[in-house]
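Participant: Handing you this structure, nothing more for now.
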Amino acid sequence: MRALFASIGMFVERHPIWIITSVVGFTLLAAIGASSTQIVTTQDAFVQRDSQIFRGYTAYDKAFGGDPTVILIPGKPVELTSPDNVAAIRSLTSTFSKDPAIRSVVSILTFLPPTTPAEAVRSLVYSSDGQPRAQFAAFLPNGHALVIVRTVGGLSVDQQRLASDRIIAAIKRSELPKETVVAGNARLIGDITKSITKDMTTTGVIAIFLMIGVLYLVFPVRRRLLALPVAIVGVLWTFGATGALNVPLTLVTMAGLPVLIGLGVDFAIQFHNRYEEELQRGHRPEQGLIASVTHIGPAVGIAVVASMLGFITLLLSRVPAVRDFGLLLAIGVVALYLVGLFGLNALLFRFDRPRDTGGREGLPLKKHTLTKTLSAISSTSIRRGPLLVAAALLLAMGGFAVDARLPIQTDIEKLIPADTPGVIALNQVRTLVGTTNNLPLLVSSDDVTDPQVLTWMADFQRRVLRDHNQVISAVSLASAVLPGSGEAFLSPEAISQTLRGMPSDIRSSLVTDDHTGAAVVFNVIHMPIAEVNTLVNEIISEAHPVQGVTIVPGGTLTLAGAAIGAITQGRTTIALIGFSAVFIGLLLIYRNWRKAIAPVLPVILVTGWSSGVMWLLGIQLNPLTAVMSALIIGIGTEFGVLLLERYWEERLLGVAPTQAINQAVARVGQAITASALTVAAGFGALLASSFPALREFSAVIVIDVLLALVATLILIPPLILWLDHEKISELGK
């Protein structure tokens with residue numbers, strides 16, 4: 001392997017201009033490829049298309065359309081039914097009916113003949129005592145009028161968002177009061193998307209300044225800021241490659257951007273640090289380049305393999321977007337490694353080639369305060385090894401013990417800014433109407449209007465309302481067609497006549513045209529999505545449909561529950577598989593179990609420490625923090641591999657074990673520390689985010705990266721000395 005990388009070093013030394021030109025060319029091609037990357041906002045990015053829950057969602061969506069958007073109009077009864085208000089609602093209904101994305105519009109006017117004069121509406125809607133008549137009461141809650149707009153089925157998330165934007169724009173142009181509220185999942189998604197774009201711009205600028213500051217403070221080499229542009233080039237290569245491989249860009253894979261920038265800076269620092277170190281030894285640039293690539297190239301390469309194995313464990317997730325996230329990171333570490341190995345080294349050598357720099361222009365690393373500090377830490381950790389390892393084990397065991405008690409936050413509204421307009425609108429509607437959440441079910445049969453099917457449906461609806469206090473109310477074909485008790489016999493002819501007498505927008509929301517599908521919609525209290533998942537499963541299991549009838553859940557809320565449940569479940573299994581995969585991968589590389597286990601053990605302890613810190617700080621698990629195990633396995637193992645590789649390099653030169661580990665910590669520890677602090681600074685910028693989920697994700701990853709650094713510096717020195725009881729010749733194999 002050393003011979004291979006020596007050849008690579010000589011190739012870079014002989015062709016720096018050609019390499020730099022090629023890197024620029026590949027970057028331009030990658031930018032073009034990245035710009036054409038498919039952005040997926042459809043719901044199947046979060047739930048497998050062939051899963052039962054997605055098939056149910058799709059079937060309901062096709063039969064009855066997408067989630068409703070609620071328009072809430074304030075006013076007194078005389079104002080709500082005034083000729084001007086009636087004219088405005090009619091105008092909106094006409095506008096919406098021309099929108100191909102909108103399926104139906106239901107309001108108080110839906111229950112009146114279209115030719116009803118605007119002046120007569122009030123007397124028809126309200127009784128003599130000033131109260132709304134029964135058929136209008138649900139659309140006139142607490143001094144407000146409701147208009148419910150439902151989109152057609154099959155729309156992507158982006159298409160739903162755009163439809164919501166058109167609804168809001170139409171409301172603003174109308175003569176309705178300015179206080180009119182528009183609420184719904186589609187609006188919420190749109191507001192979240194806009195907020196994320198603005199938020200990421202702000203935190204991105206903060207991250208760059210923080211990373212620059214860290215590089216200046218703890219990475220005392222010439223041209224120390226080269227790591228940032230090199231990392232950005234590597235990120236472009238990554239997204240160009242994923243575009244060519246048809247790996248879609250989703251809201252989850254977009255979160256890989258800060259991870260990749262951090263890893264890119266990390267790899268670049270390792271190459272840059274070793275090149276400067278070789279110059280410090282008095283080597284000419286060409287000698288320093290070849291020596292640097294020969295020694296650090298394999299070490300970083302092995303670290304890349306370990307990181308890939310950690311990231312690839314995300315392919316075990318049941319969520320397509322999370323699997324794509326793991327694939328993106330696995331591709332990314334390879335791209336970032338190649339950019340550093342060839343691009344950065346070619347740049348460094350080209351800068352020095354015109355003159356004999358020797359080591360005179362480099363800063364004296366051995367005199368830097370950080371180097372002295374790291375040497376002291378290494379010496380202390382070796383002396384106090386048994387005590388430190390015992391303490392580390394106890395802390396990790398405590399962390400693992402409380403891991404199962406970490407609360408999981410699956411309330412979407414608590415993961416986003418409370419001042420998001422879409423959240424405020426939902427809360428306003430919830431206060432007046434009682435709920436904004438509904439669980440729609442699709443009932444299928446040869447003929448859902450059959451009296452036997454309708455009688456079962458009415459009984460099922462009553463049982464759910466009786467047995468589940470989370471369910472506030474229900475609407476179904478049965479409750480709309482059958483008499484009050486729901487059990488009195490009604491002839492097929494009477495049922496058919498009742499259906500024909502319904503307004504078309506009401507009928508189409510309850511039964512399909514061919515009468516093979518019916519809707520049962522349960523309105524539920526606001527609750528965490530994990531509880532929604534449980535409730536849906538209980539309701540379905542208790543349905544007991546009559547022969548020939550099937551029932552499946554639909555709706556975005558149900559789909560989101562399944563997606564978040566899949567993300568947050570199986571964390572321990574994925575972590576164990578990740579540790580095993582990294583260990584086996586290193587074992588195949590080293591063919592020595594001691595070499596393979598040494599980088600993995602500290603990361604296992606870090607995982608326990610992380611759970612303990614989260615428990616102490618009250619940080620909850622959420623869909624972002626739930627995938628942290630794969631990230632910390634990938635990042636933390638790399639630190640250990642780099643330190644161990646340097647230790648073995650010193651040992652093969654005949655240096656005694658204790659001196660070898662001290663030199664490894666002093667020489668490579670500075671680069672590892674710079675890498676860790678730079679990555680932590682980049683993610684630390686997300687603490688300024690307005691999104692609680694991103695702030696908690698940032699806090700966890702910063703904590704984990706710093707814990708991985710601590711574990712590398714204080715646990716690996718005594719650990720490797722204990723494991724190194726073989727001969728030098730054995731270490732070289």
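By convention here, the chains of the structure tokens are called A, B, ... in the order presented, each chain's residues are numbered starting at 1, and ligands are numbered starting at 1 in the order presented.
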So that I can check the surroundings of region 13-24 of chain A, please list as a PyMOL selection string every protein, DNA and RNA residue that reaches within 12 Å of it, counting only C-alpha atoms and ignoring chain neighbours fewer than 5 positions away.
Facilitator: chain A and resi 6-8+29-31+229-230+233-234+236-237+284-293+335-336+338-353
Participant: Could you give me, as a Markdown table, a per-residue list for region 164-185 of chain A showing, wherever an atom lies at most 12 Å from an atom of region 124-148 of chain A, the closest pair of atoms and their distance in Å to one decimal, using only C-alpha atoms and sorting by chain then residue number from low to high?
Facilitator:
```
| residue | atom | partner | partner_atom | distance |
| --- | --- | --- | --- | --- |
| A:Ile167 | CA | A:Ile148 | CA | 11.1 |
| A:Ile171 | CA | A:Val147 | CA | 11.3 |
| A:Leu176 | CA | A:Ala145 | CA | 11.0 |
| A:Pro177 | CA | A:His144 | CA | 11.2 |
| A:Glu179 | CA | A:His144 | CA | 10.9 |
| A:Thr180 | CA | A:His144 | CA | 9.4 |
| A:Val181 | CA | A:Leu146 | CA | 9.8 |
| A:Val182 | CA | A:Val147 | CA | 9.5 |
| A:Ala183 | CA | A:Ile148 | CA | 9.9 |
| A:Gly184 | CA | A:Ile148 | CA | 9.9 |
```
Participant: Which residues are close to Val582 (chain A), i.e. within 10 Å by only C-alpha atoms, leaving aside same-chain residues fewer than 6 positions away? Reply as a list in words.
Facilitator: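 With the cut-off at 10 Å, the set is Val305, Ala306, Ser307, Met308, Leu309, Gly310, Phe311, Thr313, Leu588, Ala596, Ile597, Pro599, Val600, Ile633, Gly634 and Thr637 of chain A.
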Participant: Write out as JSON lines a residue-level contact list of region 458-559 of chain A versus region 426-438 of chain A with cut-off 12 Å: for each qualifying residue the closest pair of atoms and the distance in Å to one decimal, counting only C-alpha atoms, rows sorted by chain and residue number upward.
Facilitator:
```
{"residue": "A:Gln470", "atom": "CA", "partner": "A:Thr435", "partner_atom": "CA", "distance": 10.6}
{"residue": "A:Val471", "atom": "CA", "partner": "A:Asn438", "partner_atom": "CA", "distance": 8.9}
{"residue": "A:Ile472", "atom": "CA", "partner": "A:Thr435", "partner_atom": "CA", "distance": 8.1}
{"residue": "A:Ser473", "atom": "CA", "partner": "A:Asn438", "partner_atom": "CA", "distance": 9.4}
{"residue": "A:Ala474", "atom": "CA", "partner": "A:Asn438", "partner_atom": "CA", "distance": 8.9}
{"residue": "A:Val475", "atom": "CA", "partner": "A:Asn438", "partner_atom": "CA", "distance": 10.2}
{"residue": "A:Ala519", "atom": "CA", "partner": "A:Asn438", "partner_atom": "CA", "distance": 11.9}
{"residue": "A:Val520", "atom": "CA", "partner": "A:Asn438", "partner_atom": "CA", "distance": 10.1}
{"residue": "A:Val521", "atom": "CA", "partner": "A:Asn438", "partner_atom": "CA", "distance": 6.4}
{"residue": "A:Phe522", "atom": "CA", "partner": "A:Asn438", "partner_atom": "CA", "distance": 5.5}
{"residue": "A:Asn523", "atom": "CA", "partner": "A:Asn438", "partner_atom": "CA", "distance": 4.3}
{"residue": "A:Val524", "atom": "CA", "partner": "A:Asn437", "partner_atom": "CA", "distance": 5.6}
{"residue": "A:Ile525", "atom": "CA", "partner": "A:Thr435", "partner_atom": "CA", "distance": 5.7}
{"residue": "A:His526", "atom": "CA", "partner": "A:Asn437", "partner_atom": "CA", "distance": 6.4}
{"residue": "A:Met527", "atom": "CA", "partner": "A:Asn437", "partner_atom": "CA", "distance": 8.8}
{"residue": "A:Pro528", "atom": "CA", "partner": "A:Asn437", "partner_atom": "CA", "distance": 11.0}
{"residue": "A:Ile529", "atom": "CA", "partner": "A:Asn437", "partner_atom": "CA", "distance": 10.6}
{"residue": "A:Val532", "atom": "CA", "partner": "A:Asn437", "partner_atom": "CA", "distance": 9.8}
{"residue": "A:Leu535", "atom": "CA", "partner": "A:Asn438", "partner_atom": "CA", "distance": 11.6}
{"residue": "A:Val536", "atom": "CA", "partner": "A:Asn438", "partner_atom": "CA", "distance": 10.8}
{"residue": "A:Pro553", "atom": "CA", "partner": "A:Asn438", "partner_atom": "CA", "distance": 10.9}
{"residue": "A:Gly554", "atom": "CA", "partner": "A:Asn438", "partner_atom": "CA", "distance": 9.9}
{"residue": "A:Gly555", "atom": "CA", "partner": "A:Asn438", "partner_atom": "CA", "distance": 8.0}
{"residue": "A:Thr556", "atom": "CA", "partner": "A:Asn438", "partner_atom": "CA", "distance": 9.3}
{"residue": "A:Leu557", "atom": "CA", "partner": "A:Asn438", "partner_atom": "CA", "distance": 7.5}
{"residue": "A:Thr558", "atom": "CA", "partner": "A:Asn438", "partner_atom": "CA", "distance": 9.0}
```
Participant: Report the residues of region 608-681 of chain A whose backbone DSSP state falls under alpha helix (DSSP H), written as a PyMOL selection string.
Facilitator: chain A and resi 608-617+628-652+657-681
Participant: Could you check how far CA of Ser381 (chain A) sits from CA of Pro220 (chain A), in Å to one decimal?
Facilitator: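 So the two atoms, CA of Ser381 (chain A) and CA of Pro220 (chain A), lie 24.9 Å apart.
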Participant: For Arg571 (chain A), find every residue with an atom within 12 Å (counting only C-alpha atoms), except residues of its own chain fewer than 6 positions away, and show them as a list in words.
Facilitator: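 Non-adjacent residues within range: Thr313, Leu314, Leu316, Ser317, Arg318, Asp403, Ala404, Ile408, Gly565, Ile577, Gly578, Thr607, Ser611, Leu621, Asn622, Pro623, Leu624, Thr625, Ala626, Val627, Met628, Ser629 and Ala630 of chain A.
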Participant: Pull the closest atom pair for each residue of region 221-319 of chain A that gets at most 9 Å from region 45-49 of chain A, along with the distance in Å to one decimal, counting only C-alpha atoms, ordering rows by chain and then ascending residue number, as CSV.
Facilitator:
```
residue,atom,partner,partner_atom,distance
A:Pro248,CA,A:Ala45,CA,8.8
A:Thr250,CA,A:Ala45,CA,7.2
A:Arg318,CA,A:Gln48,CA,7.1
A:Val319,CA,A:Phe46,CA,5.2
```
Participant: Mind checking which residues fall within 12 Å of region 200-203 of chain A, counting only C-alpha atoms, ignoring those fewer than 2 positions away in the same chain, and posting them as a ChimeraX atom specification?
Facilitator: /A:192-198,205-211,254-255,257-258,681-691,694-695,698
Participant: So which residues touch region 712-714 of chain A within 9 Å, counting only C-alpha atoms, skipping near sequence neighbours fewer than 3 positions away, as a PyMOL selection string?
Facilitator: chain A and resi 374+377-378+380-382+385+388-389+599+602-603+636-637+639-640+643+665+669+707-709+717-718
Participant: With C-alpha atoms retained, could you export that selection as a PDB file, in the first residue's frame?
Facilitator:
```
ATOM      1  CA  LEU A 374      -1.622  17.422  23.575  1.00  0.00           C
ATOM      2  CA  ILE A 377      -2.655  15.003  27.794  1.00  0.00           C
ATOM      3  CA  SER A 378      -1.068  11.924  26.262  1.00  0.00           C
ATOM      4  CA  THR A 380      -1.302  11.937  31.710  1.00  0.00           C
ATOM      5  CA  SER A 381      -3.656   9.480  30.001  1.00  0.00           C
ATOM      6  CA  ILE A 382      -0.907   6.845  29.903  1.00  0.00           C
ATOM      7  CA  GLY A 385      -4.860   4.793  32.046  1.00  0.00           C
ATOM      8  CA  LEU A 388      -9.549   6.823  33.038  1.00  0.00           C
ATOM      9  CA  VAL A 389     -10.736   3.669  31.309  1.00  0.00           C
ATOM     10  CA  PRO A 599     -10.578   2.506  17.015  1.00  0.00           C
ATOM     11  CA  PRO A 602     -13.754   4.338  22.188  1.00  0.00           C
ATOM     12  CA  VAL A 603     -16.624   5.119  19.784  1.00  0.00           C
ATOM     13  CA  GLY A 636     -15.388   9.024  15.601  1.00  0.00           C
ATOM     14  CA  THR A 637     -13.772   5.931  14.121  1.00  0.00           C
ATOM     15  CA  PHE A 639     -10.101   9.976  14.517  1.00  0.00           C
ATOM     16  CA  GLY A 640      -8.999   6.722  16.111  1.00  0.00           C
ATOM     17  CA  LEU A 643      -3.982   8.309  15.508  1.00  0.00           C
ATOM     18  CA  VAL A 665      -0.653  12.467  19.696  1.00  0.00           C
ATOM     19  CA  GLY A 669      -3.405  15.055  17.465  1.00  0.00           C
ATOM     20  CA  LEU A 707     -16.636  13.449  23.017  1.00  0.00           C
ATOM     21  CA  ALA A 708     -15.073  11.509  20.148  1.00  0.00           C
ATOM     22  CA  LEU A 709     -12.078  13.854  20.282  1.00  0.00           C
ATOM     23  CA  PRO A 717      -3.068   6.083  24.155  1.00  0.00           C
ATOM     24  CA  PRO A 718      -3.378   3.675  27.127  1.00  0.00           C
TER      25      PRO A 718
END
```
Participant: List the neighbours of Ala390 (chain A) out to 12 Å using only C-alpha atoms; skip same-chain residues closer than 4 positions along the sequence, and give me the result as number ranges by chain.
Facilitator: A: 384-386, 394-397, 605, 715, 718-719
Participant: As a list of chain:residue names, please: every residue in region 363-502 of chain A that a backbone DSSP assignment puts in strand (DSSP E or B).
Facilitator: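 Reading the DSSP output for region 363-502 of chain A, strand (DSSP E or B) covers A:Ile408, A:Asn437, A:Asn438, A:Leu439, A:Pro440, A:Leu441, A:Leu442, A:Val443, A:Ser444, A:Val471, A:Ile472, A:Ser473, A:Ala474, A:Val475, A:Ser476.
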Participant: What does the file look like for those residues with N, CA and C atoms, as a PDB file, in the first residue's frame?
Facilitator:
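Contents of the output file part20.pdb:
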```pdb
ATOM      1  N   ILE A 408     -38.786  10.728  23.195  1.00  0.00           N
ATOM      2  CA  ILE A 408     -38.763  10.919  21.748  1.00  0.00           C
ATOM      3  C   ILE A 408     -39.800  11.975  21.393  1.00  0.00           C
ATOM      4  N   ASN A 437     -56.612  17.968  13.301  1.00  0.00           N
ATOM      5  CA  ASN A 437     -56.068  16.663  12.919  1.00  0.00           C
ATOM      6  C   ASN A 437     -57.190  15.681  12.630  1.00  0.00           C
ATOM      7  N   ASN A 438     -57.040  14.945  11.560  1.00  0.00           N
ATOM      8  CA  ASN A 438     -58.035  13.920  11.271  1.00  0.00           C
ATOM      9  C   ASN A 438     -57.364  12.665  10.742  1.00  0.00           C
ATOM     10  N   LEU A 439     -58.000  11.540  11.034  1.00  0.00           N
ATOM     11  CA  LEU A 439     -57.519  10.231  10.579  1.00  0.00           C
ATOM     12  C   LEU A 439     -58.547   9.676   9.600  1.00  0.00           C
ATOM     13  N   PRO A 440     -58.313   9.818   8.309  1.00  0.00           N
ATOM     14  CA  PRO A 440     -59.268   9.292   7.337  1.00  0.00           C
ATOM     15  C   PRO A 440     -59.014   7.822   7.038  1.00  0.00           C
ATOM     16  N   LEU A 441     -60.086   7.057   6.933  1.00  0.00           N
ATOM     17  CA  LEU A 441     -60.003   5.638   6.606  1.00  0.00           C
ATOM     18  C   LEU A 441     -60.783   5.390   5.317  1.00  0.00           C
ATOM     19  N   LEU A 442     -60.263   4.501   4.500  1.00  0.00           N
ATOM     20  CA  LEU A 442     -60.928   4.110   3.260  1.00  0.00           C
ATOM     21  C   LEU A 442     -61.576   2.746   3.455  1.00  0.00           C
ATOM     22  N   VAL A 443     -62.908   2.726   3.323  1.00  0.00           N
ATOM     23  CA  VAL A 443     -63.658   1.474   3.393  1.00  0.00           C
ATOM     24  C   VAL A 443     -63.954   1.034   1.965  1.00  0.00           C
ATOM     25  N   SER A 444     -63.574  -0.192   1.640  1.00  0.00           N
ATOM     26  CA  SER A 444     -63.767  -0.696   0.282  1.00  0.00           C
ATOM     27  C   SER A 444     -64.670  -1.921   0.291  1.00  0.00           C
ATOM     28  N   VAL A 471     -60.455  10.662  20.168  1.00  0.00           N
ATOM     29  CA  VAL A 471     -61.289  10.945  19.006  1.00  0.00           C
ATOM     30  C   VAL A 471     -62.430  11.870  19.426  1.00  0.00           C
ATOM     31  N   ILE A 472     -62.504  13.032  18.790  1.00  0.00           N
ATOM     32  CA  ILE A 472     -63.493  14.047  19.161  1.00  0.00           C
ATOM     33  C   ILE A 472     -64.816  13.837  18.432  1.00  0.00           C
ATOM     34  N   SER A 473     -64.741  13.588  17.150  1.00  0.00           N
ATOM     35  CA  SER A 473     -65.945  13.442  16.337  1.00  0.00           C
ATOM     36  C   SER A 473     -65.617  12.618  15.109  1.00  0.00           C
ATOM     37  N   ALA A 474     -66.645  12.307  14.348  1.00  0.00           N
ATOM     38  CA  ALA A 474     -66.443  11.495  13.152  1.00  0.00           C
ATOM     39  C   ALA A 474     -67.444  11.883  12.080  1.00  0.00           C
ATOM     40  N   VAL A 475     -67.020  11.711  10.845  1.00  0.00           N
ATOM     41  CA  VAL A 475     -67.878  11.950   9.687  1.00  0.00           C
ATOM     42  C   VAL A 475     -67.697  10.766   8.759  1.00  0.00           C
ATOM     43  N   SER A 476     -68.799  10.246   8.236  1.00  0.00           N
ATOM     44  CA  SER A 476     -68.693   9.106   7.336  1.00  0.00           C
ATOM     45  C   SER A 476     -69.901   9.060   6.423  1.00  0.00           C
TER      46      SER A 476
END
```
Participant: With only C-alpha atoms as the basis for distance, which of A:Ala330, A:Val481, A:Leu228, A:Leu652 is at the shortest distance from Leu215 (chain A)?
Facilitator: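 Smallest distance to Leu215 (chain A) is found for A:Leu228.
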Participant: Out of A:Leu393, A:Leu415, A:Ile604, A:Ala299, which residue has the shortest atom-to-atom distance to Glu696 (chain A) when counting only C-alpha atoms?
Facilitator: A:Leu415
Participant: So how far away is CA of Leu249 (chain A) from CA of Gly153 (chain A), in Å?
Facilitator: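 CA of Leu249 (chain A) lies 23.0 Å from CA of Gly153 (chain A).
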